[in-house]
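Novice: To be precise about what I am sending: the file is called my_file01.cif and holds mmCIF, C-alpha atoms and all ligand atoms.
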data_work
loop_
_atom_site.label_atom_id
_atom_site.label_comp_id
_atom_site.auth_asym_id
_atom_site.auth_seq_id
_atom_site.Cartn_x
_atom_site.Cartn_y
_atom_site.Cartn_z
CA MET A 426 21.42 -15.48 15.03
CA SER A 427 19.52 -14.94 11.77
CA GLU A 428 19.33 -11.33 10.60
CA LEU A 429 15.96 -9.74 9.83
CA LYS A 430 17.41 -6.61 8.19
CA THR A 431 16.02 -5.72 4.81
CA THR A 432 16.13 -2.89 2.28
CA PHE A 433 12.82 -1.59 0.96
CA ALA A 434 12.58 1.36 -1.48
CA GLY A 435 16.19 2.14 -0.64
CA LEU A 436 15.36 2.42 3.09
CA GLU A 437 17.28 0.27 5.55
CA LEU A 438 14.77 -1.49 7.81
CA LYS A 439 15.69 -3.50 10.91
CA ASN A 440 13.03 -6.02 9.88
CA PRO A 441 10.40 -6.38 7.11
CA PHE A 442 7.34 -5.62 9.30
CA ILE A 443 5.82 -2.29 8.22
CA VAL A 444 2.68 -1.03 9.96
CA SER A 445 0.35 -0.25 7.07
CA SER A 446 -1.37 3.08 6.51
CA SER A 447 -4.59 3.33 8.56
CA ASN A 448 -5.89 4.93 11.73
CA LEU A 449 -3.33 2.77 13.51
CA THR A 450 -0.69 5.27 12.37
CA ASN A 451 -2.50 8.61 12.70
CA SER A 452 -0.58 9.96 15.70
CA ALA A 453 3.03 10.22 16.82
CA GLU A 454 2.16 8.46 20.11
CA LYS A 455 0.76 5.43 18.26
CA ASN A 456 3.76 5.39 15.94
CA LEU A 457 6.20 5.40 18.84
CA ALA A 458 4.27 2.48 20.37
CA TRP A 459 4.65 0.54 17.08
CA GLU A 460 8.37 1.22 17.10
CA LYS A 461 8.62 -0.01 20.70
CA ALA A 462 6.64 -3.13 19.76
CA GLY A 463 9.29 -3.91 17.13
CA ALA A 464 8.01 -2.57 13.77
CA GLY A 465 10.61 -1.95 11.06
CA ALA A 466 8.80 1.11 9.64
CA ILE A 467 5.40 2.76 9.59
CA VAL A 468 3.25 4.22 6.80
CA LEU A 469 1.26 7.16 8.09
CA LYS A 470 -2.49 7.40 7.68
CA SER A 471 -3.11 8.81 4.18
CA LEU A 472 -3.83 12.36 3.29
CA PHE A 473 -6.88 11.87 1.05
CA GLU A 474 -7.40 13.78 -2.17
CA GLU A 475 -10.94 14.57 -1.03
CA GLN A 476 -9.63 16.27 2.10
CA ILE A 477 -7.74 18.88 0.18
CA LEU A 478 -9.51 19.21 -3.13
CA TRP A 479 -13.12 18.34 -2.67
CA GLU A 480 -14.44 19.04 0.73
CA SER A 481 -14.95 22.76 0.16
CA SER A 482 -17.39 22.09 -2.69
CA HIS A 483 -19.77 20.37 -0.23
CA ILE A 484 -19.65 23.28 2.18
CA MET A 485 -19.81 26.03 -0.43
CA SER A 486 -23.08 27.91 -0.47
CA GLU A 487 -24.77 28.81 -3.74
CA GLU A 488 -25.42 32.35 -2.49
CA HIS A 489 -21.72 32.93 -1.88
CA PRO A 490 -19.95 31.18 -4.72
CA ASP A 491 -16.93 33.49 -4.29
CA ALA A 492 -16.40 31.94 -0.87
CA GLY A 493 -15.35 28.76 -2.66
CA ASP A 494 -11.77 29.74 -3.44
CA TYR A 495 -11.20 31.10 0.02
CA LEU A 496 -12.71 28.01 1.64
CA GLN A 497 -10.77 25.66 -0.55
CA GLY A 498 -7.54 27.49 0.22
CA TYR A 499 -8.32 27.39 3.93
CA LEU A 500 -9.17 23.68 4.00
CA ARG A 501 -6.15 22.77 1.94
CA ALA A 502 -3.84 24.69 4.27
CA HIS A 503 -5.58 23.21 7.32
CA TYR A 504 -5.24 19.59 6.21
CA LEU A 505 -1.71 20.07 4.95
CA ASP A 506 -0.69 21.73 8.21
CA GLU A 507 -2.23 18.88 10.15
CA TYR A 508 -0.47 16.32 7.98
CA THR A 509 2.93 17.96 8.03
CA LYS A 510 2.61 18.16 11.83
CA LEU A 511 1.89 14.42 11.95
CA ILE A 512 5.06 13.79 9.91
CA LYS A 513 7.21 16.10 12.03
CA ASP A 514 5.90 14.73 15.34
CA SER A 515 6.30 11.12 14.20
CA LYS A 516 9.83 11.77 12.96
CA HIS A 517 10.65 13.44 16.27
CA ALA A 518 9.26 10.49 18.26
CA CYS A 519 10.52 7.57 16.13
CA SER A 520 13.87 6.42 14.83
CA ILE A 521 12.42 3.90 12.36
CA PRO A 522 11.55 5.17 8.85
CA VAL A 523 8.32 7.18 8.61
CA ILE A 524 6.62 6.88 5.22
CA ALA A 525 3.98 9.50 4.36
CA SER A 526 0.98 8.51 2.25
CA ILE A 527 -1.18 10.30 -0.31
CA ASN A 528 -4.39 8.59 -1.32
CA CYS A 529 -5.37 10.02 -4.68
CA TYR A 530 -6.84 9.22 -8.04
CA THR A 531 -6.51 12.31 -10.21
CA ASP A 532 -3.41 14.07 -11.46
CA GLN A 533 -3.81 17.23 -9.38
CA GLU A 534 -1.27 19.29 -7.48
CA TRP A 535 0.54 16.36 -5.95
CA GLU A 536 3.99 17.61 -6.77
CA ASN A 537 3.54 20.62 -4.47
CA PHE A 538 2.06 18.55 -1.68
CA ALA A 539 4.78 15.95 -2.10
CA ALA A 540 7.45 18.65 -1.77
CA MET A 541 5.84 19.82 1.50
CA ILE A 542 5.78 16.23 2.76
CA GLN A 543 9.46 15.88 1.95
CA ASP A 544 10.28 19.18 3.69
CA ALA A 545 8.43 17.97 6.79
CA GLY A 546 10.97 15.14 7.04
CA ALA A 547 9.22 12.03 5.69
CA ASP A 548 11.64 9.25 4.71
CA ALA A 549 9.54 8.28 1.68
CA ILE A 550 6.15 8.93 0.07
CA GLU A 551 3.64 6.20 -0.68
CA LEU A 552 1.09 7.03 -3.37
CA ASN A 553 -2.08 5.03 -2.98
CA LEU A 554 -3.85 5.28 -6.32
CA MET A 555 -7.26 4.07 -5.39
CA ALA A 556 -10.16 4.18 -7.85
CA ILE A 557 -12.43 1.84 -9.75
CA GLN A 558 -13.05 2.46 -13.44
CA THR A 559 -16.71 2.63 -14.41
CA GLY A 560 -16.83 4.82 -17.52
CA ILE A 561 -18.80 3.11 -20.26
CA ARG A 562 -16.47 4.69 -22.84
CA TYR A 563 -13.39 3.92 -20.79
CA GLU A 564 -10.22 4.16 -22.83
CA TYR A 565 -8.16 1.04 -22.17
CA GLY A 566 -4.90 1.86 -20.46
CA SER A 567 -5.92 5.34 -19.28
CA PHE A 568 -6.08 4.27 -15.62
CA GLU A 569 -2.56 2.84 -15.84
CA GLN A 570 -1.36 6.01 -17.58
CA SER A 571 -2.76 8.15 -14.76
CA HIS A 572 -0.53 6.21 -12.31
CA ILE A 573 2.48 7.07 -14.42
CA ASN A 574 1.51 10.76 -14.74
CA ILE A 575 0.97 11.23 -11.01
CA LEU A 576 4.21 9.41 -10.19
CA LYS A 577 6.18 11.50 -12.72
CA HIS A 578 4.93 14.74 -11.22
CA VAL A 579 5.68 13.68 -7.66
CA ALA A 580 9.11 12.23 -8.51
CA ALA A 581 10.07 15.42 -10.36
CA LYS A 582 9.67 17.56 -7.22
CA THR A 583 11.11 15.19 -4.60
CA ASN A 584 14.27 13.26 -3.98
CA ILE A 585 12.99 10.91 -1.29
CA PRO A 586 11.89 7.43 -2.47
CA VAL A 587 8.42 7.23 -4.01
CA ILE A 588 6.46 4.04 -3.45
CA VAL A 589 3.27 3.22 -5.38
CA LYS A 590 0.54 1.17 -3.71
CA LEU A 591 -1.53 -0.49 -6.40
CA GLY A 592 -5.09 -1.72 -6.43
CA ASN A 593 -5.82 -5.24 -7.62
CA ASN A 594 -7.97 -4.02 -10.52
CA LEU A 595 -5.20 -3.92 -13.13
CA THR A 596 -5.05 -6.10 -16.22
CA ASN A 597 -1.29 -6.50 -16.20
CA PRO A 598 0.46 -5.20 -13.06
CA ILE A 599 3.84 -6.30 -14.44
CA ALA A 600 3.76 -3.92 -17.42
CA LEU A 601 2.66 -1.08 -15.16
CA ILE A 602 5.33 -1.81 -12.55
CA ASP A 603 7.96 -1.77 -15.32
CA GLN A 604 6.78 1.72 -16.35
CA LEU A 605 6.59 2.91 -12.74
CA HIS A 606 10.19 1.82 -12.28
CA ALA A 607 11.22 3.60 -15.49
CA ASN A 608 9.57 6.77 -14.20
CA GLY A 609 11.26 6.84 -10.82
CA ALA A 610 9.29 4.62 -8.41
CA LYS A 611 11.56 2.84 -5.94
CA ALA A 612 8.98 0.31 -4.73
CA VAL A 613 5.46 -0.98 -5.21
CA VAL A 614 2.97 -2.35 -2.70
CA LEU A 615 0.73 -5.17 -3.92
CA PHE A 616 -2.14 -4.61 -3.16
CA ASN A 617 -4.41 -2.07 -1.58
CA ARG A 618 -7.67 -3.56 -0.28
CA PHE A 619 -10.81 -1.86 -1.54
CA TYR A 620 -13.97 -1.12 0.37
CA GLN A 621 -15.87 -4.42 0.46
CA THR A 622 -19.35 -4.05 -0.96
CA ASP A 623 -22.20 -6.05 0.59
CA ILE A 624 -26.01 -5.99 0.47
CA ASP A 625 -28.33 -6.00 3.45
CA ILE A 626 -31.16 -8.20 2.15
CA GLU A 627 -33.60 -7.17 4.92
CA ASN A 628 -33.29 -3.42 4.37
CA LEU A 629 -32.51 -3.68 0.66
CA SER A 630 -29.54 -1.41 1.09
CA TYR A 631 -25.85 -1.50 0.35
CA CYS A 632 -23.64 -1.94 3.39
CA SER A 633 -20.02 -2.54 4.20
CA GLY A 634 -18.61 -6.03 3.90
CA GLN A 635 -15.74 -7.31 6.01
CA ILE A 636 -13.56 -4.31 6.87
CA LEU A 637 -10.59 -6.37 8.02
CA SER A 638 -8.92 -8.95 5.81
CA ASP A 639 -8.11 -12.53 6.67
CA GLY A 640 -5.30 -14.88 5.68
CA GLY A 641 -7.27 -16.29 2.74
CA GLU A 642 -6.66 -13.05 0.82
CA LEU A 643 -2.90 -13.47 0.56
CA ALA A 644 -2.97 -15.45 -2.72
CA ASN A 645 -3.26 -12.37 -4.93
CA ALA A 646 -0.19 -10.65 -3.50
CA LEU A 647 1.80 -13.90 -3.62
CA ARG A 648 0.91 -14.51 -7.26
CA TRP A 649 1.78 -11.03 -8.49
CA ILE A 650 4.87 -10.51 -6.35
CA GLY A 651 6.14 -13.92 -7.51
CA LEU A 652 5.61 -12.95 -11.16
CA ALA A 653 6.51 -9.25 -11.08
CA SER A 654 9.64 -9.52 -8.95
CA ALA A 655 11.06 -11.94 -11.54
CA ALA A 656 10.14 -9.66 -14.46
CA VAL A 657 11.08 -6.31 -12.88
CA PRO A 658 13.70 -7.13 -10.24
CA ALA A 659 15.15 -3.60 -10.00
CA ILE A 660 12.21 -2.23 -7.98
CA SER A 661 11.37 -3.43 -4.48
CA TYR A 662 8.10 -5.02 -3.40
CA ALA A 663 5.97 -5.05 -0.28
CA ALA A 664 3.00 -7.35 0.18
CA SER A 665 -0.26 -6.01 1.55
CA GLY A 666 -3.60 -7.74 2.03
CA GLY A 667 -4.09 -10.78 4.23
CA VAL A 668 -0.62 -11.06 5.78
CA SER A 669 -1.64 -12.44 9.16
CA THR A 670 1.06 -14.84 10.43
CA GLY A 671 4.84 -15.22 10.44
CA THR A 672 4.38 -17.98 7.87
CA ASP A 673 2.64 -15.46 5.60
CA ILE A 674 5.63 -13.11 5.92
CA VAL A 675 8.01 -15.94 4.95
CA LYS A 676 5.83 -16.71 1.90
CA CYS A 677 5.89 -13.07 0.78
CA LEU A 678 9.68 -12.88 1.14
CA LEU A 679 10.11 -16.17 -0.75
CA ALA A 680 7.90 -14.79 -3.53
CA GLY A 681 10.24 -11.78 -3.83
CA ALA A 682 8.97 -9.12 -1.40
CA SER A 683 11.43 -7.12 0.70
CA ALA A 684 8.80 -6.16 3.26
CA VAL A 685 5.15 -6.58 4.26
CA GLU A 686 2.65 -3.87 5.15
CA ILE A 687 0.27 -5.15 7.80
CA CYS A 688 -2.95 -3.63 9.10
CA SER A 689 -5.81 -6.08 9.87
CA ALA A 690 -3.73 -8.48 11.97
CA LEU A 691 -2.77 -5.53 14.20
CA TYR A 692 -6.38 -4.35 14.51
CA LYS A 693 -7.40 -7.89 15.50
CA ASP A 694 -4.58 -8.95 17.80
CA GLY A 695 -2.70 -5.81 18.73
CA GLU A 696 0.95 -4.93 18.90
CA LYS A 697 2.13 -8.25 20.37
CA GLN A 698 1.56 -9.65 16.88
CA ILE A 699 4.75 -7.93 15.69
CA GLU A 700 7.00 -9.87 18.02
CA THR A 701 5.09 -13.13 17.52
CA MET A 702 5.22 -12.92 13.72
CA LEU A 703 8.87 -11.86 13.55
CA LYS A 704 9.86 -14.65 15.96
CA SER A 705 8.12 -17.14 13.72
CA VAL A 706 10.08 -15.79 10.69
CA GLN A 707 13.32 -16.06 12.63
CA ASP A 708 12.54 -19.62 13.81
CA TRP A 709 11.85 -20.64 10.22
CA MET A 710 15.13 -19.06 9.07
CA VAL A 711 17.06 -20.95 11.76
CA ARG A 712 15.34 -24.23 10.81
CA HIS A 713 16.26 -23.68 7.17
CA GLN A 714 19.72 -22.28 7.94
CA PHE A 715 19.15 -18.92 6.30
CA LYS A 716 21.28 -16.28 7.98
CA SER A 717 19.73 -13.25 6.29
CA ILE A 718 16.56 -12.27 4.44
CA ASP A 719 18.58 -11.64 1.30
CA SER A 720 19.73 -15.27 1.32
CA PHE A 721 16.22 -16.56 0.59
CA ARG A 722 14.25 -13.57 -0.72
CA GLY A 723 12.80 -14.39 -4.13
CA LYS A 724 13.66 -18.09 -4.01
CA MET A 725 10.08 -18.87 -5.05
CA GLN A 726 9.85 -16.24 -7.80
CA ALA A 727 8.22 -17.31 -11.04
CA LYS A 728 10.81 -19.27 -12.96
CA ASP A 729 9.27 -18.98 -16.37
CA LEU A 730 7.05 -15.97 -16.99
CA GLU A 731 6.16 -17.11 -20.51
CA LYS A 732 4.52 -20.21 -19.09
CA ALA A 733 2.66 -18.43 -16.27
CA THR A 734 -0.68 -18.43 -18.07
CA VAL A 735 -0.36 -22.09 -19.03
CA PHE A 736 0.61 -22.89 -15.43
CA GLU A 737 -2.38 -20.98 -14.01
CA ARG A 738 -4.78 -22.68 -16.42
CA THR A 739 -3.45 -26.19 -15.83
CA GLN A 740 -3.49 -25.75 -12.04
CA PHE A 741 -7.07 -24.55 -12.29
CA LEU A 742 -8.02 -27.64 -14.30
CA LYS A 743 -6.09 -29.91 -11.91
CA TYR A 744 -7.69 -28.61 -8.72
CA PHE A 745 -11.11 -27.38 -9.85
CA GLY A 746 -11.79 -29.30 -13.05
CA GLY A 747 -12.56 -32.61 -11.33
CA LYS A 748 -14.39 -31.16 -8.34
CA GLN A 749 -18.02 -32.40 -8.17
C1 LIG B 801 -9.59 0.88 8.99
C2 LIG B 801 -8.63 0.92 7.83
C3 LIG B 801 -8.15 2.16 7.38
C4 LIG B 801 -7.27 2.20 6.29
N1 LIG B 801 -6.79 3.42 5.87
C5 LIG B 801 -5.88 3.45 4.83
C6 LIG B 801 -5.31 4.68 4.42
O1 LIG B 801 -5.58 5.76 4.95
N2 LIG B 801 -4.41 4.64 3.40
C7 LIG B 801 -4.03 3.48 2.79
O2 LIG B 801 -3.18 3.51 1.89
N3 LIG B 801 -4.57 2.30 3.16
C8 LIG B 801 -5.47 2.26 4.17
N4 LIG B 801 -6.00 1.06 4.55
C9 LIG B 801 -5.57 -0.17 3.86
C10 LIG B 801 -4.44 -0.85 4.62
O3 LIG B 801 -3.29 -0.04 4.71
C11 LIG B 801 -4.04 -2.18 3.96
O4 LIG B 801 -3.45 -1.94 2.70
C12 LIG B 801 -5.21 -3.13 3.76
O5 LIG B 801 -6.05 -3.17 4.92
C13 LIG B 801 -4.72 -4.54 3.46
O6 LIG B 801 -3.82 -4.99 4.45
P1 LIG B 801 -4.30 -5.97 5.65
O7 LIG B 801 -4.83 -7.21 5.02
O8 LIG B 801 -3.07 -6.21 6.49
O9 LIG B 801 -5.36 -5.24 6.40
C14 LIG B 801 -6.87 1.00 5.64
C15 LIG B 801 -7.38 -0.23 6.10
C16 LIG B 801 -8.24 -0.28 7.18
C17 LIG B 801 -8.75 -1.62 7.65
#
Please express the file's structure as structure tokens.
Specialist:
Amino acid sequence: MSELKTTFAGLELKNPFIVSSSNLTNSAEKNLAWEKAGAGAIVLKSLFEEQILWESSHIMSEEHPDAGDYLQGYLRAHYLDEYTKLIKDSKHACSIPVIASINCYTDQEWENFAAMIQDAGADAIELNLMAIQTGIRYEYGSFEQSHINILKHVAAKTNIPVIVKLGNNLTNPIALIDQLHANGAKAVVLFNRFYQTDIDIENLSYCSGQILSDGGELANALRWIGLASAAVPAISYAASGGVSTGTDIVKCLLAGASAVEICSALYKDGEKQIETMLKSVQDWMVRHQFKSIDSFRGKMQAKDLEKATVFERTQFLKYFGGKQ
């Protein structure tokens, strides 16, 4: 029997299928159901920066500006209480690793929140650093530096593994991942999926594009995991964004991932997807006589990073150059 065990961010998982952070993981009952359906781990719905730092400013009245501090303190405590309860209840219900998630973009008080998350029993913390850079006088590299600063502060106050979920709007994810590793990150997730902008041409208004991903979006994670896992092998990788079949999981593992974080496929097809996809991975392993994930993980990593740009450019010319 081929083994699906894997190690991700120092956590021992019975298989590489992680239920990704979303409303699918916002209650202990749902998380227990994912465990029963066969998931290897879950990432809880994120605690958003706005929930604890911003919301009070919208409610604050101009006539009572002194209410601001009180309100902010109250909201912060409320959301943190709610979140620590979600961690405790999920840990109580589940035996698989429970990863907490903070979705942030400024270097605020994350070290204190991270310590509370650790005390509540989370097995790891995932930092989802989600923001687009629009400043006309943007200082190149400052966005990357903010990842490092936030990570440093969180890692200084915690001793559980810290995972960083990156957006796909980085010039050179490899250089950043190297620095994240040097500053204490145990794993990275490539990539978060941003809100999809669309335009309603009848009402001349902006609207949401496709909320759920499809398999066509996997290429970005495959490219960067294939390149980065060769350049920075000491950190572990999870793929996110468009993983929708067992074949996709095999591709991610071959590229160098230790796990996959899946959301859209579960929204579309429900929990039976876990068993179906893992069975397909196992069938492939049997066909190719791989007895463990470690025996083939990274087999399709980039062989020659120096030539990656030349490779990308020549493949583009080969496949797109002659297309009429
Ligand atoms: C409805 C919905 C809610 C999400 N909420 C979160 C969240 O709270 N925190 C987070 O890190 N990612 C969140 N995500 C992103 C997913 O975790 C995942 O990274 C993304 O959807 C790409 O994976 P997929 O192609 O398997 O859907 C959400 C995605 C969806 C569709």
Novice: How would you write, as a ChimeraX atom specification, the set of residues no farther than 6 Å from ligand LIG 801 (chain B) when counting all atoms listed in the file?
Specialist: /A:445-448,470-471,553,617-618,636-638,665-668,687-690
Novice: Which one of A:Glu696, A:Glu475, A:Glu551, A:Asp625 sits closest to Leu591 (chain A) if you count all atoms listed in the file?
Specialist: A:Glu551
Novice: Please compute the CA of Asp532 (chain A)-CA of Ser567 (chain A) distance, one decimal, in Å.
Specialist: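 Calculated distance between CA of Asp532 (chain A) and CA of Ser567 (chain A) is 12.0 Å.
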Novice: Give me the residues within 12 Å of Gly566 (chain A) as a ChimeraX atom specification, counting only C-alpha atoms and dropping any in the same chain fewer than 3 places off.
Specialist: /A:558,563,569-573,594-598,600-601
Novice: Report the distance between CA of Val706 (chain A) and CA of Val675 (chain A) in Å, rounded to one decimal place.
Specialist: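 One can read the CA of Val706 (chain A) to CA of Val675 (chain A) distance as 6.1 Å.
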Novice: Between CA of Thr734 (chain A) and CA of Asp673 (chain A), what distance in Å does the model show, to one decimal?
Specialist: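 Value for the CA of Thr734 (chain A)-CA of Asp673 (chain A) distance: 24.1 Å.
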Novice: With only C-alpha atoms counted and 9 Å as the cut-off, give the residues of region 602-649 of chain A in contact with region 578-585 of chain A, each with its shortest interatomic distance in Å and the pair that gives it, as a tab-separated table.
Specialist:
residue	atom	partner	partner_atom	distance
A:Asn608	CA	A:Ala580	CA	7.9
A:Gly609	CA	A:Ala580	CA	6.2
A:Ala610	CA	A:Ala580	CA	7.6
Novice: For Asn440 (chain A), which residue out of A:Ala549, A:Leu678, A:Met725, A:Met541 is the nearest one, using only C-alpha atoms?
Specialist: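 For Asn440 (chain A), the nearest of the candidates is A:Leu678.
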Novice: Which of these, A:Thr509, A:Thr432, A:Ser705, A:Asn451, has the shortest distance to Ala682 (chain A) once you count all atoms listed in the file?
Specialist: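 Of A:Thr509, A:Thr432, A:Ser705, A:Asn451, the one nearest Ala682 (chain A), counting all atoms listed in the file, is A:Thr432.
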Novice: Using only C-alpha atoms, pick whichever of A:Lys676, A:Lys748, A:Lys611, A:Lys513 has the shortest atom-to-atom distance to Ile718 (chain A).
Specialist: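 Residue with the minimum atom-to-atom distance to Ile718 (chain A): A:Lys676.
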Novice: Let me make sure I understand: among A:Gln635, A:Thr670, A:Gln726, A:Gln621, which one has the smallest atom-to-atom distance to Ala653 (chain A) if we use only C-alpha atoms?
Specialist: A:Gln726
Novice: Name the closest residue to Val587 (chain A) among the candidates A:Ser661, A:Thr701, A:Thr622, A:Ser683; distances are taken between atoms, counting all atoms listed in the file.
Specialist: A:Ser661
Novice: Please work out which residues fall within 10 Å of (-0.2, 14.7, -1.1), coordinates as given in the file, with all atoms listed in the file counting, and return them as a PyMOL selection string.
Specialist: chain A and resi 471-474+477+505+508+525-529+533-542+550-552+579
Novice: What are the centre and edge lengths in Å, to one decimal, of the axis-aligned box around all listed atoms of region 678-693 of chain A with 5 Å added on each side, as AutoDock Vina command-line options?
Specialist:
--center_x 2.0 --center_y -9.9 --center_z 5.8 --size_x 28.8 --size_y 22.5 --size_z 29.3
Novice: What's the 7 Å shell around Ile512 (chain A), counting only C-alpha atoms, without same-chain residues fewer than 4 positions away, as a list in words?
Specialist: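 The contact residues come out as Tyr508, Lys516, Ala545, Gly546 and Ala547 of chain A.
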Novice: Dump N, CA, C and O atoms of region 582-595 of chain A from the given block, as a CSV table (one decimal), in the first residue's frame.
Specialist:
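Printed below is selection-v6.csv as written:
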chain,number,residue,atom,x,y,z
A,582,LYS,N,7.3,36.0,19.0
A,582,LYS,CA,6.4,35.8,20.1
A,582,LYS,C,5.8,34.3,20.2
A,582,LYS,O,5.0,34.1,21.0
A,583,THR,N,6.1,33.5,19.2
A,583,THR,CA,5.5,32.2,19.1
A,583,THR,C,6.5,31.1,18.9
A,583,THR,O,7.6,31.4,18.4
A,584,ASN,N,6.2,29.9,19.3
A,584,ASN,CA,7.1,28.8,18.9
A,584,ASN,C,6.4,27.7,18.1
A,584,ASN,O,7.0,26.7,17.9
A,585,ILE,N,5.2,28.0,17.7
A,585,ILE,CA,4.5,27.1,16.7
A,585,ILE,C,5.0,27.5,15.3
A,585,ILE,O,5.4,28.6,15.1
A,586,PRO,N,4.9,26.6,14.4
A,586,PRO,CA,5.3,26.9,13.0
A,586,PRO,C,4.5,28.1,12.4
A,586,PRO,O,3.3,28.2,12.6
A,587,VAL,N,5.2,29.0,11.7
A,587,VAL,CA,4.6,30.1,11.0
A,587,VAL,C,4.7,29.8,9.5
A,587,VAL,O,5.8,29.6,9.0
A,588,ILE,N,3.5,29.9,8.9
A,588,ILE,CA,3.4,29.7,7.4
A,588,ILE,C,3.0,31.0,6.8
A,588,ILE,O,2.2,31.7,7.3
A,589,VAL,N,3.6,31.3,5.6
A,589,VAL,CA,3.2,32.6,5.0
A,589,VAL,C,2.6,32.2,3.6
A,589,VAL,O,3.1,31.6,2.8
A,590,LYS,N,1.3,32.7,3.5
A,590,LYS,CA,0.6,32.5,2.3
A,590,LYS,C,0.8,33.8,1.4
A,590,LYS,O,0.4,34.9,1.8
A,591,LEU,N,1.4,33.6,0.3
A,591,LEU,CA,1.8,34.8,-0.6
A,591,LEU,C,0.7,35.0,-1.7
A,591,LEU,O,0.1,34.1,-2.2
A,592,GLY,N,0.7,36.3,-2.1
A,592,GLY,CA,-0.1,36.6,-3.2
A,592,GLY,C,0.7,36.4,-4.5
A,592,GLY,O,2.0,36.2,-4.4
A,593,ASN,N,0.1,36.5,-5.7
A,593,ASN,CA,0.9,36.2,-6.9
A,593,ASN,C,1.4,37.5,-7.5
A,593,ASN,O,1.7,37.6,-8.7
A,594,ASN,N,1.4,38.6,-6.7
A,594,ASN,CA,1.8,39.9,-7.2
A,594,ASN,C,3.2,40.3,-6.8
A,594,ASN,O,3.5,41.4,-6.3
A,595,LEU,N,4.1,39.3,-6.8
A,595,LEU,CA,5.5,39.6,-6.4
A,595,LEU,C,6.4,39.4,-7.6
A,595,LEU,O,6.2,38.6,-8.4
